[in-house]
$ cat query34.txt   # compact mmCIF, C-alpha atoms
# COMPACT_ATOMS: atom_id res chain seq x y z
CA MET A 27 83.57 153.51 89.29
CA HIS A 28 86.88 152.05 88.17
CA ALA A 29 87.98 148.84 89.89
CA ASN A 30 91.58 150.07 90.31
CA PRO A 31 91.52 153.82 89.78
CA VAL A 32 94.72 155.77 89.23
CA ILE A 33 93.15 158.71 91.10
CA HIS A 34 90.70 158.06 93.93
CA VAL A 35 88.97 160.83 95.89
CA ASP A 36 86.40 159.98 98.54
CA GLY A 37 84.76 162.62 100.75
CA LEU A 38 87.59 165.16 100.36
CA ARG A 39 87.26 168.26 102.53
CA GLN A 40 89.64 171.20 102.68
CA ARG A 41 89.42 174.28 104.90
CA TYR A 42 91.06 177.67 105.12
CA GLY A 43 90.24 178.72 108.67
CA ASP A 44 86.44 178.78 108.91
CA TYR A 45 85.99 178.65 105.14
CA GLU A 46 85.43 175.21 103.63
CA ALA A 47 86.83 175.39 100.08
CA VAL A 48 86.12 171.74 99.28
CA ALA A 49 83.05 170.26 100.94
CA GLY A 50 83.13 166.49 100.63
CA ILE A 51 83.71 165.60 96.98
CA SER A 52 84.25 162.11 95.51
CA PHE A 53 85.39 160.89 92.08
CA THR A 54 87.76 158.43 90.43
CA VAL A 55 89.94 158.57 87.31
CA GLY A 56 91.00 155.44 85.47
CA GLU A 57 94.24 154.63 83.70
CA GLY A 58 94.59 156.39 80.35
CA GLU A 59 91.58 158.61 81.02
CA LEU A 60 91.35 162.39 80.81
CA PHE A 61 89.19 163.85 83.57
CA ALA A 62 88.34 167.57 83.47
CA LEU A 63 87.49 169.49 86.63
CA LEU A 64 85.49 172.62 85.81
CA GLY A 65 84.07 175.43 87.90
CA THR A 66 84.01 179.16 88.49
CA ASN A 67 86.78 180.99 90.36
CA GLY A 68 86.58 179.95 93.99
CA ALA A 69 84.74 176.70 93.26
CA GLY A 70 87.53 174.61 94.82
CA LYS A 71 89.25 173.28 91.68
CA THR A 72 92.77 174.48 92.42
CA THR A 73 92.58 173.38 96.06
CA THR A 74 91.51 169.92 94.88
CA MET A 75 94.35 169.80 92.36
CA GLU A 76 96.92 170.92 94.95
CA THR A 77 95.77 168.12 97.24
CA LEU A 78 96.10 165.53 94.49
CA GLU A 79 99.53 166.88 93.61
CA GLY A 80 100.68 166.42 97.21
CA PHE A 81 101.14 170.09 98.10
CA ARG A 82 98.69 169.89 101.03
CA PRO A 83 97.21 167.08 103.15
CA ALA A 84 93.48 166.40 103.08
CA HIS A 85 91.64 167.82 106.10
CA ALA A 86 89.15 164.97 105.81
CA GLY A 87 88.40 162.15 103.41
CA THR A 88 90.63 159.90 101.33
CA VAL A 89 92.89 160.90 98.45
CA ARG A 90 95.00 158.39 96.54
CA VAL A 91 97.18 158.79 93.46
CA LEU A 92 98.65 155.56 92.07
CA GLY A 93 97.41 153.86 95.22
CA ARG A 94 99.27 156.16 97.63
CA ASP A 95 98.58 159.27 99.68
CA PRO A 96 100.20 161.96 97.49
CA HIS A 97 101.17 164.12 100.49
CA ARG A 98 102.32 161.51 103.01
CA ASP A 99 103.99 159.34 100.34
CA ARG A 100 105.09 162.15 98.05
CA ARG A 101 108.65 160.79 97.69
CA ALA A 102 107.19 157.68 96.06
CA VAL A 103 104.45 159.46 94.09
CA ARG A 104 106.27 162.59 92.88
CA PRO A 105 108.64 160.87 90.37
CA GLN A 106 105.62 159.32 88.63
CA ILE A 107 103.58 162.48 88.11
CA GLY A 108 103.93 165.62 86.00
CA ILE A 109 102.55 168.95 87.15
CA MET A 110 101.76 172.01 85.06
CA LEU A 111 100.76 174.78 87.45
CA GLN A 112 98.70 177.84 86.52
CA GLU A 113 101.87 179.92 86.62
CA GLY A 114 105.38 178.63 86.23
CA GLY A 115 108.45 180.19 87.83
CA PHE A 116 111.27 180.73 85.34
CA PHE A 117 114.61 182.53 85.38
CA ASN A 118 114.03 185.05 82.63
CA ASP A 119 117.69 185.35 81.61
CA LEU A 120 118.10 181.64 80.89
CA THR A 121 117.38 180.33 77.42
CA VAL A 122 114.64 177.80 76.77
CA ALA A 123 117.22 175.03 76.34
CA GLU A 124 119.06 176.04 79.52
CA THR A 125 115.78 176.01 81.45
CA ALA A 126 114.94 172.50 80.26
CA GLY A 127 118.52 171.38 80.95
CA HIS A 128 118.52 172.67 84.53
CA TRP A 129 115.09 171.09 85.16
CA ARG A 130 116.40 167.74 83.87
CA ALA A 131 119.00 167.74 86.64
CA PHE A 132 116.18 167.36 89.20
CA THR A 133 114.25 164.77 87.17
CA PRO A 134 115.32 161.09 87.34
CA GLY A 135 115.15 159.34 83.97
CA ALA A 136 114.26 162.57 82.17
CA ARG A 137 113.74 162.81 78.43
CA PRO A 138 116.44 164.68 76.48
CA ALA A 139 115.80 168.42 76.48
CA ALA A 140 115.71 168.56 72.69
CA GLU A 141 113.09 165.81 72.59
CA VAL A 142 110.71 167.47 75.02
CA LEU A 143 111.09 170.90 73.40
CA GLY A 144 110.30 169.35 70.02
CA LEU A 145 107.26 167.64 71.53
CA VAL A 146 105.73 171.01 72.46
CA GLY A 147 106.90 172.87 69.38
CA LEU A 148 109.60 174.97 71.06
CA ASP A 149 112.66 173.46 69.36
CA ALA A 150 113.06 176.60 67.21
CA LYS A 151 113.09 178.72 70.39
CA ALA A 152 115.81 176.70 72.18
CA ARG A 153 118.35 179.56 72.18
CA VAL A 154 115.81 182.28 72.97
CA LYS A 155 115.75 183.74 76.49
CA VAL A 156 112.64 183.01 78.50
CA ARG A 157 111.92 186.73 78.88
CA GLN A 158 111.45 186.94 75.10
CA LEU A 159 108.76 184.27 74.95
CA SER A 160 105.09 185.12 74.57
CA GLY A 161 102.64 184.11 77.27
CA GLY A 162 101.49 181.14 75.21
CA GLN A 163 105.07 180.02 74.56
CA LYS A 164 105.80 180.13 78.29
CA ARG A 165 102.80 177.86 78.85
CA ARG A 166 104.25 175.42 76.30
CA LEU A 167 107.55 175.51 78.19
CA ASP A 168 105.61 174.73 81.38
CA LEU A 169 104.13 171.72 79.60
CA ALA A 170 107.55 170.60 78.37
CA LEU A 171 108.93 170.59 81.92
CA ALA A 172 105.90 168.64 83.17
CA LEU A 173 106.58 165.98 80.52
CA LEU A 174 110.30 165.53 81.21
CA ALA A 175 109.81 162.55 83.52
CA ARG A 176 107.46 160.64 81.19
CA PRO A 177 104.78 160.81 83.90
CA SER A 178 102.13 158.15 84.44
CA VAL A 179 99.80 160.86 85.75
CA LEU A 180 99.77 164.41 84.40
CA PHE A 181 98.09 167.34 86.16
CA LEU A 182 97.29 170.28 83.87
CA ASP A 183 96.01 173.45 85.54
CA GLU A 184 94.70 175.87 82.88
CA PRO A 185 97.26 174.57 80.34
CA THR A 186 96.35 176.72 77.32
CA THR A 187 95.87 180.13 78.95
CA GLY A 188 97.48 182.79 76.78
CA MET A 189 97.81 180.57 73.71
CA ASP A 190 96.50 181.59 70.31
CA PRO A 191 93.98 179.22 68.65
CA GLU A 192 96.65 177.46 66.59
CA ALA A 193 98.86 176.77 69.62
CA ARG A 194 95.83 175.70 71.65
CA HIS A 195 94.79 173.12 69.05
CA ALA A 196 98.40 171.89 68.78
CA THR A 197 98.48 171.44 72.56
CA TRP A 198 95.23 169.49 72.43
CA GLY A 199 96.91 167.17 69.94
CA ILE A 200 99.84 166.62 72.31
CA VAL A 201 97.48 165.83 75.19
CA ARG A 202 95.42 163.43 73.05
CA ASP A 203 98.60 161.57 72.08
CA LEU A 204 99.65 161.29 75.73
CA VAL A 205 96.27 159.85 76.70
CA ALA A 206 96.38 157.44 73.76
CA ASP A 207 99.76 156.21 75.07
CA GLY A 208 98.20 155.46 78.46
CA THR A 209 98.92 158.63 80.47
CA THR A 210 96.21 159.56 82.94
CA VAL A 211 95.44 163.28 82.76
CA MET A 212 93.66 165.53 85.25
CA LEU A 213 92.74 168.87 83.70
CA THR A 214 91.28 172.15 84.87
CA THR A 215 90.29 174.74 82.30
CA HIS A 216 88.09 177.78 81.78
CA TYR A 217 87.80 176.93 78.09
CA LEU A 218 84.67 174.78 77.94
CA GLU A 219 85.45 173.80 74.35
CA GLU A 220 88.73 172.37 75.64
CA ALA A 221 86.86 170.10 78.05
CA GLU A 222 84.38 169.09 75.33
CA GLN A 223 87.22 168.24 72.96
CA LEU A 224 89.47 166.35 75.37
CA ALA A 225 87.60 164.95 78.36
CA ASP A 226 86.48 161.35 78.66
CA ARG A 227 84.58 162.46 81.75
CA LEU A 228 84.25 165.71 83.67
CA ALA A 229 82.88 167.24 86.83
CA ILE A 230 81.54 170.75 87.42
CA MET A 231 82.31 172.16 90.87
CA HIS A 232 80.40 175.00 92.49
CA ARG A 233 80.93 176.37 95.99
CA GLY A 234 83.06 173.42 97.03
CA VAL A 235 80.86 170.57 95.80
CA ILE A 236 80.47 168.64 92.56
CA GLU A 237 77.15 169.62 91.01
CA ARG A 238 77.38 167.62 87.75
CA ALA A 239 79.60 164.72 86.68
CA GLY A 240 79.90 162.19 83.86
CA THR A 241 80.64 162.26 80.16
CA VAL A 242 79.83 165.46 78.27
CA ALA A 243 76.69 163.75 76.94
CA ASP A 244 75.70 162.71 80.48
CA VAL A 245 76.20 166.21 81.88
CA VAL A 246 74.34 167.94 79.04
CA ALA A 247 71.45 165.46 78.93
CA GLY A 248 68.19 166.82 80.27
CA HIS A 249 69.14 170.46 79.95
CA GLY A 250 67.03 170.96 76.85
CA ASP A 251 67.59 172.04 73.28
CA ARG A 252 66.93 175.66 72.28
CA ILE A 253 64.64 177.04 69.58
CA SER A 254 64.59 180.82 69.15
CA PHE A 255 63.36 183.47 66.70
CA GLN A 256 62.53 187.17 66.57
CA MET A 257 58.98 187.96 67.56
CA PRO A 258 56.82 188.65 64.47
CA GLU A 259 55.51 192.22 64.61
CA ARG A 260 51.79 191.43 64.55
CA ILE A 261 51.95 188.48 67.00
CA ARG A 262 51.41 188.90 70.73
CA VAL A 263 53.24 186.77 73.27
CA GLY A 264 50.00 185.11 74.33
CA GLU A 265 49.47 183.91 70.75
CA LEU A 266 52.71 181.92 70.62
CA PRO A 267 52.29 178.15 70.74
CA ALA A 268 53.67 175.77 73.35
CA LEU A 269 56.31 173.56 71.76
CA HIS A 270 56.46 170.01 73.00
CA GLY A 271 55.06 171.29 76.29
CA ALA A 272 57.50 174.21 76.60
CA ALA A 273 56.44 177.85 76.91
CA PRO A 274 58.55 180.65 75.40
CA GLU A 275 60.83 183.02 77.29
CA ILE A 276 60.89 186.55 75.89
CA ALA A 277 63.98 188.74 75.95
CA VAL A 278 64.38 192.24 74.51
CA ASP A 279 67.73 193.36 73.11
CA GLY A 280 68.23 196.53 71.11
CA GLY A 281 64.50 197.03 70.79
CA ARG A 282 63.94 193.57 69.30
CA ALA A 283 62.05 190.89 71.17
CA THR A 284 63.24 187.30 70.86
CA ALA A 285 61.30 184.20 71.84
CA THR A 286 63.29 181.24 73.12
CA TYR A 287 61.99 177.76 73.90
CA THR A 288 63.93 175.25 75.96
CA VAL A 289 62.56 171.98 74.66
CA PRO A 290 62.83 169.03 77.07
CA GLY A 291 64.14 165.59 76.24
CA ASP A 292 64.41 164.66 72.57
CA GLY A 293 61.73 167.14 71.55
CA MET A 294 63.73 169.27 69.09
CA GLN A 295 62.28 167.73 65.93
CA ALA A 296 58.72 167.64 67.25
CA GLY A 297 59.04 171.21 68.55
CA LEU A 298 60.30 172.53 65.22
CA TYR A 299 57.48 170.75 63.40
CA GLU A 300 54.89 172.32 65.72
CA LEU A 301 56.45 175.78 65.35
CA LEU A 302 56.69 175.70 61.55
CA ARG A 303 53.14 174.39 61.22
CA TRP A 304 51.90 177.20 63.48
CA ALA A 305 53.86 179.82 61.49
CA ASP A 306 52.45 178.48 58.21
CA GLU A 307 48.89 178.52 59.53
CA CYS A 308 49.34 182.09 60.83
CA GLY A 309 51.15 183.25 57.71
CA VAL A 310 54.11 184.69 59.66
CA ARG A 311 57.82 184.69 58.91
CA LEU A 312 60.17 183.60 61.69
CA ALA A 313 63.16 185.90 61.26
CA GLY A 314 66.41 184.73 62.89
CA LEU A 315 65.11 181.21 63.48
CA GLN A 316 67.75 179.10 65.27
CA ALA A 317 67.72 175.58 66.66
CA ARG A 318 70.65 174.25 68.68
CA SER A 319 71.35 171.43 71.06
CA ALA A 320 72.09 172.06 74.71
CA SER A 321 75.79 172.68 75.34
CA LEU A 322 78.26 172.31 78.17
CA GLU A 323 78.26 176.12 78.38
CA ASP A 324 74.50 176.09 79.09
CA VAL A 325 74.99 173.65 81.97
CA PHE A 326 78.03 175.51 83.31
CA LEU A 327 76.27 178.89 83.31
CA ARG A 328 73.18 177.49 85.03
CA THR A 329 75.36 175.87 87.67
CA ALA A 330 77.40 179.05 88.20
CA ALA A 331 74.21 181.10 88.50
CA ALA A 332 72.95 179.01 91.43
CA GLU A 333 74.58 181.31 94.00
CA GLY A 334 71.77 180.99 96.48
CA ALA A 335 71.70 177.21 96.53
CA PRO A 336 72.75 175.70 99.86
CA ARG A 337 75.73 173.37 100.05
$ encode --input "query34.txt" --output "structure tokens"
Amino acid sequence: MHANPVIHVDGLRQRYGDYEAVAGISFTVGEGELFALLGTNGAGKTTTMETLEGFRPAHAGTVRVLGRDPHRDRRAVRPQIGIMLQEGGFFNDLTVAETAGHWRAFTPGARPAAEVLGLVGLDAKARVKVRQLSGGQKRRLDLALALLARPSVLFLDEPTTGMDPEARHATWGIVRDLVADGTTVMLTTHYLEEAEQLADRLAIMHRGVIERAGTVADVVAGHGDRISFQMPERIRVGELPALHGAAPEIAVDGGRATATYTVPGDGMQAGLYELLRWADECGVRLAGLQARSASLEDVFLRTAAAEGAPR
């Protein structure tokens, strides 16, 4: 835990009537850190973000941003934070430059409009009406407006939705530069690669609670590496070896059976050695042989699949 966190959440609970959307979560985010909050739809991510942004008070628990309650002290907190919501509200008949100019009027100490549009790669679109922008370009305009105030803390809610791969990677570069300059960033995203690329630490929410948290390496650790291959025609399932103590799982797709081992710990090398030695001794060819490390997607999908787990 950080000694003086920029964001501090302790036992946060949020309800909608009888439904508890956030069920007692705790985490901290340090200065100049990017923290990603992941989870399926309905996991409680957006409710958590809205609480941190000051849009709603906490029903229970403690929430602090820059040492203050973001809802009760929002007049003091709001000028120091930037917010990029899932969907921005624009006047479609204004140009990009006019939109940034009008937004500047409500932003003390704002960057020049031309500067912020250049930062997000929209300078060439300054005279284009908002209605003519693509979905990805509108998201970049959202980001530009969130950066006008040179925020100390930046909240990004699904920032690259609708962007093509080139624009997404360019946006990642902008976010990396902001973090390198000391901005604290809180991110939600459905793109797991985005979290892997950007996050110093992350948390995976499910049904209102945090199920996994830490660095990507921390979260992935212990979920096992995968070794898979197509079942040789003359080999029965019972003849397959155990690899580093792991038994195979068999799946059939398109008439082809595939064996997959989830190898615990650091057993990838030992498991491959055992498998190849067995195949050599049996004189079989392992078509489609693949070996890959556990990924954030593996952990996310396992967490999301735990629908029956109690809170």
$ closest_residue --input "query34.txt" --among "A:Ala152, A:Leu302, A:Leu173, A:Val103" --to "Gly80 of chain A" --atoms "all atoms listed in the file"
A:Val103
$ closest_residue --input "query34.txt" --among "A:Pro31, A:Gly309, A:Pro185, A:Pro83" --to "Thr215 of chain A" --atoms "all atoms listed in the file"
A:Pro185
$ closest_residue --input "query34.txt" --among "A:Ala305, A:Leu63, A:Leu92, A:Val156" --to "Asn118 of chain A" --atoms "only C-alpha atoms"
A:Val156
$ closest_residue --input "query34.txt" --among "A:Ala277, A:Ala313, A:Leu269, A:Met110" --to "Ala296 of chain A" --atoms "all atoms listed in the file"
A:Leu269
$ atom_distance --input "query34.txt" --atom1 "atom CA of His232 of chain A" --atom2 "atom CA of Tyr287 of chain A"
26.3 Å
$ residues_around --input "query34.txt" --residues "Ala175 of chain A" --least-positions-apart "5" --cutoff "12 Å" --atoms "only C-alpha atoms" --output "PyMOL selection string"
chain A and resi 104-109+126+129-139+141-142+169-170+180+209
$ closest_residue --input "query34.txt" --among "A:Gly70, A:Gly281, A:Pro267, A:Pro290" --to "Trp304 of chain A" --atoms "only C-alpha atoms"
A:Pro267
$ closest_residue --input "query34.txt" --among "A:Glu300, A:Glu219, A:Glu237, A:Asp207" --to "Val179 of chain A" --atoms "all atoms listed in the file"
A:Asp207
$ atom_distance --input "query34.txt" --atom1 "atom CA of Met231 of chain A" --atom2 "atom CA of Leu64 of chain A"
6.0 Å
$ atom_distance --input "query34.txt" --atom1 "atom CA of Glu113 of chain A" --atom2 "atom CA of Thr186 of chain A"
11.3 Å
$ residues_around --input "query34.txt" --residues "Arg282 of chain A" --least-positions-apart "2" --cutoff "12 Å" --atoms "all atoms listed in the file" --output "PyMOL selection string"
chain A and resi 255-259+276-280+284-285+313-314
$ axis_aligned_box --input "query34.txt" --around "segment 148-165 of chain A" --padding-each-side "4 Å" --output "lines of an AutoDock Vina configuration file"
center_x = 109.9
center_y = 180.2
center_z = 73.0
size_x = 24.9
size_y = 21.5
size_z = 19.7
$ residues_around --input "query34.txt" --residues "Gln316 of chain A" --least-positions-apart "3" --cutoff "8 Å" --atoms "all atoms listed in the file" --output "compact mmCIF listing (two decimals) with C-alpha atoms, in the frame of the given file"
# COMPACT_ATOMS: atom_id res chain seq x y z
CA ARG A 252 66.93 175.66 72.28
CA ILE A 253 64.64 177.04 69.58
CA SER A 254 64.59 180.82 69.15
CA PHE A 255 63.36 183.47 66.70
$ residues_near_point --input "query34.txt" --point "(99.6, 181.1, 68.9)" --cutoff "12 Å" --atoms "all atoms listed in the file" --output "PyMOL selection string"
chain A and resi 147-148+159-166+186-197
$ residues_around --input "query34.txt" --residues "Ala247 of chain A" --least-positions-apart "2" --cutoff "10 Å" --atoms "all atoms listed in the file" --output "NGL selection string"
:A and (241-245 or 249-251 or 290-292 or 319-322 or 325)
$ residues_around --input "query34.txt" --residues "segment 51-56 of chain A" --least-positions-apart "6" --cutoff "10 Å" --atoms "all atoms listed in the file" --output "PyMOL selection string"
chain A and resi 27-40+62+74+87-91+209-212+226-229+231+234-237+239-240
